[in-house]
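Worksheet: the structure to be examined is printed underneath.
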Amino acid sequence: MQRQIFRILVINPGSTSTKIGVFDNETCIFEKTIRHDSNEIAKFNRVIDQYDFRKNVILDQLDHEGINISKLSAVCGRGGLLRPIEGGTYEVNPGMLEDLRQGFNGEHASNLGGIIANEIANGLNISAYIVDPVVVDEFDSIARLSGVPEIPRKSIFHALNQKAVARKAAKDIGKAYDQINLIITHMGGGITVGAHKNGKVIDVNNGLHGDGPFSPERAGTVPAGDLVALCYSGQYYRDEMMKKLVGQGGLMAYLQTSDAVEVENRIENGDKEATATYEAMAYQIAKEIGSMSAVLEGKVDAIIMTGGLAYGKAFIEMISKRIDWIADILVYPGENELQALTEGTLRVLRKEEKPKVYPT
Ligand SMILES: Nc1ncnc2c1ncn2[C@@H]1O[C@H](COP(=O)(O)OP(=O)(O)O)[C@@H](O)[C@H]1O
Ligand SMILES: CCCC(=O)OP(=O)(O)O
């Protein structure tokens with residue numbers, strides 16, 4: 001008997017890009033990364049204001065490629081800042097849409113994934129899903145304490161790619177994911193460093209507006225007292241302060257670009273400020289990896305580097321020289337997110353798994 005072919009549109013809005021793919025079962029028939037100019041993104045006050053812009057970018061691209069969306073079996077988007085939930089595939093429901101629109105746990109482009117997927121799916125009378133959203137929470141209880149009881153630490157990270165890369169690395173190492181310990185460093189517009197202990201992410205920096213290294217467009221950890229003082233200085237509105245942390249922080253603040261390729265070009269041309277800033281970002285990432293090795297009590301099977309920045313060989317070297325004594329380093333540049341969204345959707349369409357119901 002011939003296997004049924006499901007055609008799936010997958011949508012991955014990131015802070016600096018929108019990635020889309022069309023898959024016939026596991027086979028990718030079309031894939032595109034649309035990089036956005038940081039000035040264009042900065043024009044929007046809230047993520048939800050980018051809805052029409054990002055949706056049109058996707059539909060125009062599909063139209064340009066001559067892809068007929070009427071043949072789709074399902075649409076799947078990257079899941080955003082919802083309530084903390086376990087990993088898996090969730091069918092988009094009204095409560096989820098409301099939380100994505102509000103930004104229940106904050107503002108990030110991934111909030112648009114489920115909303116746009118739902119809009120396209122509705123028009124075709126098919127289902128919309130999200131897989132392993134950025135709020136997947138597997139923290140050990142010890143990791144939740146911040147030092148201020150009203151401010152618990154949160155699990156907000158590149159869950160989709162960290163889980164997908166973890167499974168790939170486990171396969172490459174020749175062991176089961178739930179029998180090894182990994183430190184996974186995803187380096188995109190945001191940067192998250194997760195401690196994966198026997199298949200669970202027991203600690204990770206909150207890569208949105210929490211803590212950790214600075215990134216192409218985020219501040220990461222900043223000295224807390226000085227931050228409070230700046231908030232109350234009367235110089236900035238709340239939204240302006242948030243933009244300093246997310247969107248206009250990190251490389252954007254120091255070098256006025258979130259494009260690491262441009263920074264690397266400037267470094268090659270002898271720009272000393274670009275070199276010093278890039279070195280500092282690598283230094284902070286290495287520090288975070290070191291701290292996650294303490295979380296895992298030194299029992300680390302491998303350190304994984306992934307995301308867009310992992311394409312930069314010199315950058316990987318800047319980090320590696322500080323941490324290569326901890327464990328072997330495996331580099332998986334880019335991400336497996338489109339494939340991971342597809343696989344999560346296929347498990348449901350093939351009835352191998354029931355879709356999870358988002359709690360509201
Ligand atoms: N070949 C490359 N070499 C170095 N950096 C790269 C390369 N390709 C992309 N990047 C950088 O990776 C970052 C974006 O990573 P990505 O994982 O695509 O981000 P996001 O999904 O958060 O938008 C940007 O700073 C981009 O300039
Ligand atoms: C909110 C954590 C995920 C994240 O930072 O994604 P991007 O790097 O795609 O912005």
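Each chain in the structure tokens gets a letter, A, B and so on, in the order shown; residues start at 1 in every chain, and ligands are counted from 1 in the order they appear.
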Given only C-alpha atoms and all ligand atoms, how would the per-residue table for chain A near ligand 1 read, listing every residue at most 9 Å away with its closest atom pair and distance in Å to one decimal, sorted by chain and number, as CSV?
```
residue,atom,partner,partner_atom_place_in_ligand_line,distance
A:Asn12,CA,ligand 1,21 (O),7.7
A:Pro13,CA,ligand 1,21 (O),7.1
A:Gly14,CA,ligand 1,23 (O),3.9
A:Ser15,CA,ligand 1,23 (O),4.4
A:Thr16,CA,ligand 1,23 (O),3.6
A:Ser17,CA,ligand 1,23 (O),4.2
A:Thr18,CA,ligand 1,23 (O),6.9
A:Lys19,CA,ligand 1,21 (O),7.8
A:Thr33,CA,ligand 1,18 (O),7.9
A:Arg35,CA,ligand 1,23 (O),7.5
A:His36,CA,ligand 1,23 (O),8.5
A:Ala109,CA,ligand 1,23 (O),8.9
A:His158,CA,ligand 1,22 (O),8.9
A:His186,CA,ligand 1,17 (O),7.6
A:Met187,CA,ligand 1,17 (O),6.1
A:Gly188,CA,ligand 1,15 (O),3.4
A:Gly189,CA,ligand 1,22 (O),3.6
A:Gly190,CA,ligand 1,22 (O),5.7
A:Ile191,CA,ligand 1,22 (O),8.2
A:Ser215,CA,ligand 1,25 (O),8.4
A:Pro216,CA,ligand 1,25 (O),5.5
A:Glu217,CA,ligand 1,25 (O),8.2
A:Leu251,CA,ligand 1,25 (O),8.8
A:Thr257,CA,ligand 1,25 (O),8.4
A:Ser258,CA,ligand 1,25 (O),5.1
A:Asp259,CA,ligand 1,27 (O),3.5
A:Ala260,CA,ligand 1,27 (O),3.8
A:Val261,CA,ligand 1,4 (C),4.7
A:Glu262,CA,ligand 1,27 (O),7.0
A:Val263,CA,ligand 1,27 (O),8.2
A:Glu264,CA,ligand 1,4 (C),7.2
A:Thr306,CA,ligand 1,17 (O),7.9
A:Gly307,CA,ligand 1,17 (O),4.1
A:Gly308,CA,ligand 1,12 (O),3.4
A:Leu309,CA,ligand 1,5 (N),4.1
A:Ala310,CA,ligand 1,4 (C),6.6
A:Tyr311,CA,ligand 1,3 (N),4.3
A:Gly312,CA,ligand 1,4 (C),4.2
A:Lys313,CA,ligand 1,3 (N),7.8
A:Phe315,CA,ligand 1,4 (C),8.1
A:Pro333,CA,ligand 1,17 (O),8.6
A:Gly334,CA,ligand 1,17 (O),5.8
A:Glu335,CA,ligand 1,17 (O),6.6
```
Go ahead and write the residues just picked, N, CA and C atoms, as a short mmCIF file (atom, residue, chain, number, x, y, z; two decimals), in the first residue's frame.
```
data_model
loop_
_atom_site.label_atom_id
_atom_site.label_comp_id
_atom_site.auth_asym_id
_atom_site.auth_seq_id
_atom_site.Cartn_x
_atom_site.Cartn_y
_atom_site.Cartn_z
N ASN A 12 8.53 29.80 10.63
CA ASN A 12 9.39 30.04 11.80
C ASN A 12 9.81 31.52 11.84
N PRO A 13 9.02 32.34 12.54
CA PRO A 13 9.44 33.74 12.65
C PRO A 13 10.49 33.89 13.76
N GLY A 14 11.66 34.38 13.41
CA GLY A 14 12.72 34.64 14.39
C GLY A 14 12.89 36.15 14.52
N SER A 15 13.77 36.57 15.42
CA SER A 15 13.92 38.01 15.65
C SER A 15 14.54 38.71 14.45
N THR A 16 15.40 38.01 13.69
CA THR A 16 16.09 38.67 12.58
C THR A 16 15.66 38.13 11.21
N SER A 17 14.79 37.09 11.24
CA SER A 17 14.44 36.42 9.98
C SER A 17 13.06 35.79 10.05
N THR A 18 12.53 35.46 8.86
CA THR A 18 11.36 34.57 8.80
C THR A 18 11.77 33.40 7.93
N LYS A 19 11.65 32.19 8.49
CA LYS A 19 12.03 31.00 7.71
C LYS A 19 10.75 30.22 7.40
N THR A 33 14.89 31.31 3.74
CA THR A 33 15.14 32.19 4.89
C THR A 33 15.08 33.62 4.39
N ARG A 35 15.80 37.24 5.46
CA ARG A 35 16.44 38.03 6.52
C ARG A 35 15.83 39.44 6.51
N HIS A 36 15.53 39.95 7.71
CA HIS A 36 14.91 41.28 7.81
C HIS A 36 15.93 42.31 8.25
N ALA A 109 9.11 37.43 18.16
CA ALA A 109 8.56 37.14 16.83
C ALA A 109 7.85 35.78 16.78
N HIS A 158 15.45 28.51 22.92
CA HIS A 158 15.24 27.94 21.58
C HIS A 158 14.92 26.45 21.73
N HIS A 186 22.59 27.69 21.55
CA HIS A 186 21.96 28.17 20.30
C HIS A 186 22.28 29.65 20.16
N MET A 187 22.88 30.00 19.03
CA MET A 187 23.30 31.40 18.84
C MET A 187 22.62 31.97 17.59
N GLY A 188 21.51 32.67 17.82
CA GLY A 188 20.79 33.35 16.73
C GLY A 188 20.66 34.81 17.10
N GLY A 189 19.49 35.40 16.80
CA GLY A 189 19.24 36.78 17.24
C GLY A 189 19.33 36.85 18.76
N GLY A 190 18.82 35.81 19.43
CA GLY A 190 19.01 35.61 20.87
C GLY A 190 19.97 34.44 21.07
N ILE A 191 20.53 34.34 22.28
CA ILE A 191 21.47 33.25 22.56
C ILE A 191 21.02 32.53 23.83
N SER A 215 23.71 39.21 22.95
CA SER A 215 23.52 38.51 21.67
C SER A 215 23.44 39.55 20.56
N PRO A 216 23.25 39.14 19.30
CA PRO A 216 23.16 40.14 18.24
C PRO A 216 22.18 41.28 18.53
N GLU A 217 21.04 40.94 19.22
CA GLU A 217 20.08 42.04 19.43
C GLU A 217 19.57 42.13 20.87
N LEU A 251 24.95 43.41 20.12
CA LEU A 251 25.68 43.94 18.95
C LEU A 251 25.00 45.19 18.39
N THR A 257 24.34 47.07 14.36
CA THR A 257 23.87 46.01 13.45
C THR A 257 23.69 44.72 14.24
N SER A 258 22.71 43.89 13.82
CA SER A 258 22.56 42.57 14.44
C SER A 258 23.04 41.49 13.46
N ASP A 259 23.63 41.95 12.38
CA ASP A 259 24.07 41.02 11.33
C ASP A 259 25.53 40.61 11.58
N ALA A 260 25.70 39.37 12.03
CA ALA A 260 27.04 38.91 12.39
C ALA A 260 27.96 38.83 11.17
N VAL A 261 27.37 38.62 9.99
CA VAL A 261 28.20 38.56 8.78
C VAL A 261 28.84 39.93 8.54
N GLU A 262 28.04 40.98 8.76
CA GLU A 262 28.58 42.34 8.60
C GLU A 262 29.68 42.61 9.64
N VAL A 263 29.44 42.13 10.88
CA VAL A 263 30.45 42.34 11.93
C VAL A 263 31.76 41.63 11.53
N GLU A 264 31.63 40.41 11.00
CA GLU A 264 32.83 39.67 10.59
C GLU A 264 33.56 40.40 9.46
N THR A 306 25.21 25.74 17.89
CA THR A 306 24.28 25.73 16.76
C THR A 306 23.69 27.13 16.56
N GLY A 307 22.82 27.29 15.56
CA GLY A 307 22.24 28.61 15.25
C GLY A 307 23.05 29.31 14.16
N GLY A 308 22.55 30.43 13.70
CA GLY A 308 23.19 31.16 12.60
C GLY A 308 24.63 31.55 12.87
N LEU A 309 24.93 31.98 14.12
CA LEU A 309 26.30 32.43 14.42
C LEU A 309 27.31 31.28 14.36
N ALA A 310 26.82 30.05 14.44
CA ALA A 310 27.73 28.90 14.42
C ALA A 310 28.35 28.68 13.03
N TYR A 311 27.86 29.43 12.02
CA TYR A 311 28.52 29.38 10.71
C TYR A 311 29.87 30.08 10.75
N GLY A 312 30.05 30.98 11.71
CA GLY A 312 31.28 31.77 11.78
C GLY A 312 32.41 30.98 12.44
N LYS A 313 33.37 30.49 11.63
CA LYS A 313 34.42 29.62 12.18
C LYS A 313 35.28 30.36 13.20
N PHE A 315 34.42 32.81 15.08
CA PHE A 315 33.63 33.04 16.30
C PHE A 315 33.61 31.76 17.16
N PRO A 333 25.92 24.13 12.48
CA PRO A 333 25.51 25.50 12.11
C PRO A 333 24.05 25.54 11.62
N GLY A 334 23.42 26.71 11.80
CA GLY A 334 22.02 26.86 11.38
C GLY A 334 21.11 26.17 12.37
N GLU A 335 19.93 25.83 11.91
CA GLU A 335 19.05 25.09 12.81
C GLU A 335 18.19 24.09 12.05
#
```
(message) Need the shell around region 236-247 of chain A: protein/DNA/RNA residues with any atom at most 7 Å away, counting only C-alpha atoms. Skip same-chain ones fewer than 6 positions apart. Format as a list in words?
(response)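 With the cut-off at 7 Å, the set is Leu208, His209, Glu217, Arg218 and Ala219 of chain A.
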Just-selected residues, all heavy atoms written as a PDB file, in the first residue's frame:
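This went into result-v5.pdb:
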```pdb
ATOM      1  N   LEU A 208      15.460  35.788  26.345  1.00  0.00           N
ATOM      2  CA  LEU A 208      14.681  36.902  25.807  1.00  0.00           C
ATOM      3  C   LEU A 208      15.022  38.190  26.561  1.00  0.00           C
ATOM      4  O   LEU A 208      15.731  39.035  26.056  1.00  0.00           O
ATOM      5  CB  LEU A 208      13.186  36.585  25.899  1.00  0.00           C
ATOM      6  CG  LEU A 208      12.311  37.608  25.205  1.00  0.00           C
ATOM      7  CD1 LEU A 208      12.540  37.605  23.712  1.00  0.00           C
ATOM      8  CD2 LEU A 208      10.844  37.365  25.508  1.00  0.00           C
ATOM      9  N   HIS A 209      14.504  38.299  27.794  1.00  0.00           N
ATOM     10  CA  HIS A 209      14.866  39.488  28.578  1.00  0.00           C
ATOM     11  C   HIS A 209      15.187  39.072  29.996  1.00  0.00           C
ATOM     12  O   HIS A 209      14.801  39.732  30.956  1.00  0.00           O
ATOM     13  CB  HIS A 209      13.791  40.561  28.553  1.00  0.00           C
ATOM     14  CG  HIS A 209      12.383  40.018  28.554  1.00  0.00           C
ATOM     15  ND1 HIS A 209      11.966  39.056  29.434  1.00  0.00           N
ATOM     16  CD2 HIS A 209      11.333  40.285  27.761  1.00  0.00           C
ATOM     17  CE1 HIS A 209      10.704  38.767  29.187  1.00  0.00           C
ATOM     18  NE2 HIS A 209      10.297  39.492  28.167  1.00  0.00           N
ATOM     19  N   GLU A 217      21.041  40.942  19.215  1.00  0.00           N
ATOM     20  CA  GLU A 217      20.077  42.041  19.432  1.00  0.00           C
ATOM     21  C   GLU A 217      19.574  42.126  20.866  1.00  0.00           C
ATOM     22  O   GLU A 217      18.617  42.823  21.137  1.00  0.00           O
ATOM     23  CB  GLU A 217      18.920  41.920  18.437  1.00  0.00           C
ATOM     24  CG  GLU A 217      18.153  40.619  18.513  1.00  0.00           C
ATOM     25  CD  GLU A 217      16.664  40.845  18.647  1.00  0.00           C
ATOM     26  OE1 GLU A 217      16.080  41.376  17.710  1.00  0.00           O
ATOM     27  OE2 GLU A 217      16.091  40.499  19.700  1.00  0.00           O
ATOM     28  N   ARG A 218      20.235  41.423  21.808  1.00  0.00           N
ATOM     29  CA  ARG A 218      19.761  41.441  23.206  1.00  0.00           C
ATOM     30  C   ARG A 218      20.875  41.721  24.199  1.00  0.00           C
ATOM     31  O   ARG A 218      22.045  41.367  23.956  1.00  0.00           O
ATOM     32  CB  ARG A 218      19.115  40.107  23.558  1.00  0.00           C
ATOM     33  CG  ARG A 218      17.822  40.022  22.821  1.00  0.00           C
ATOM     34  CD  ARG A 218      17.064  38.774  22.999  1.00  0.00           C
ATOM     35  NE  ARG A 218      16.359  38.603  21.740  1.00  0.00           N
ATOM     36  CZ  ARG A 218      15.917  37.482  21.251  1.00  0.00           C
ATOM     37  NH1 ARG A 218      16.078  36.374  21.928  1.00  0.00           N
ATOM     38  NH2 ARG A 218      15.324  37.448  20.094  1.00  0.00           N
ATOM     39  N   ALA A 219      20.457  42.295  25.331  1.00  0.00           N
ATOM     40  CA  ALA A 219      21.444  42.718  26.328  1.00  0.00           C
ATOM     41  C   ALA A 219      21.952  41.571  27.195  1.00  0.00           C
ATOM     42  O   ALA A 219      23.074  41.632  27.701  1.00  0.00           O
ATOM     43  CB  ALA A 219      20.821  43.787  27.223  1.00  0.00           C
TER      44      ALA A 219
END
```
(message) For a quick check of understanding, using only C-alpha atoms and all ligand atoms, which of A:Ser73, A:Asn269, A:Gln248, A:Thr192 has the smallest distance to ligand 2?
(response) A:Thr192
(message) Just checking: using only C-alpha atoms, which residue out of A:Ile11, A:Ala314, A:Ile116, A:Leu338 ends up closest to Ile267 (chain A)?
(response)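 Among the listed residues, A:Ala314 lies closest to Ile267 (chain A).
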(message) Ranking A:Arg78, A:Trp325, A:Glu343, A:Gly114 by minimum distance to Pro94 (chain A) and counting only C-alpha atoms, which one comes first?
(response)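 Under the stated criterion, the closest residue is A:Gly114.
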(request) Give the answer as one residue: which of A:Pro355, A:Pro223, A:Gly79, A:Gly298 has the shortest atom-to-atom distance to ligand 2, using only C-alpha atoms and all ligand atoms? (result)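 For ligand 2, the nearest of the candidates is A:Gly79.
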(request) Would you please work out which residue, of A:Glu91, A:Glu337, A:Glu107, A:Asp140, is nearest to Ser127 (chain A) when using only C-alpha atoms? (result)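 Closest residue, counting only C-alpha atoms: A:Glu91.
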(request) Would you mind writing down, as a list in words, each residue of region 83-261 of chain A that DSSP on the backbone assigns to strand (DSSP E)? (result) Thr89, Tyr90, Glu91, Ser127, Ala128, Tyr129, Ile130, Val131, Asn181, Leu182, Ile183, Ile184, Thr185, His186, Met187, Ile191, Thr192, Val193, Gly194, Ala195, His196, Lys197, Lys200, Val201, Ile202, Asp203 and Val204 of chain A
(message) Using only C-alpha atoms and all ligand atoms for the distances, tell me which of A:Glu268, A:Asp211, A:Glu273, A:Glu288 is nearest to ligand 2.
(response)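 Looking only at the distances to ligand 2, the closest residue turns out to be A:Asp211.
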(request) Within 12 Å of Met292 (chain A), counting only C-alpha atoms, which residues show up once you throw out same-chain ones fewer than 2 positions away? Write them as a ChimeraX atom specification, please. (result) /A:143,181-185,192-197,201-205,212,285-290,294-300,302-303,323,326
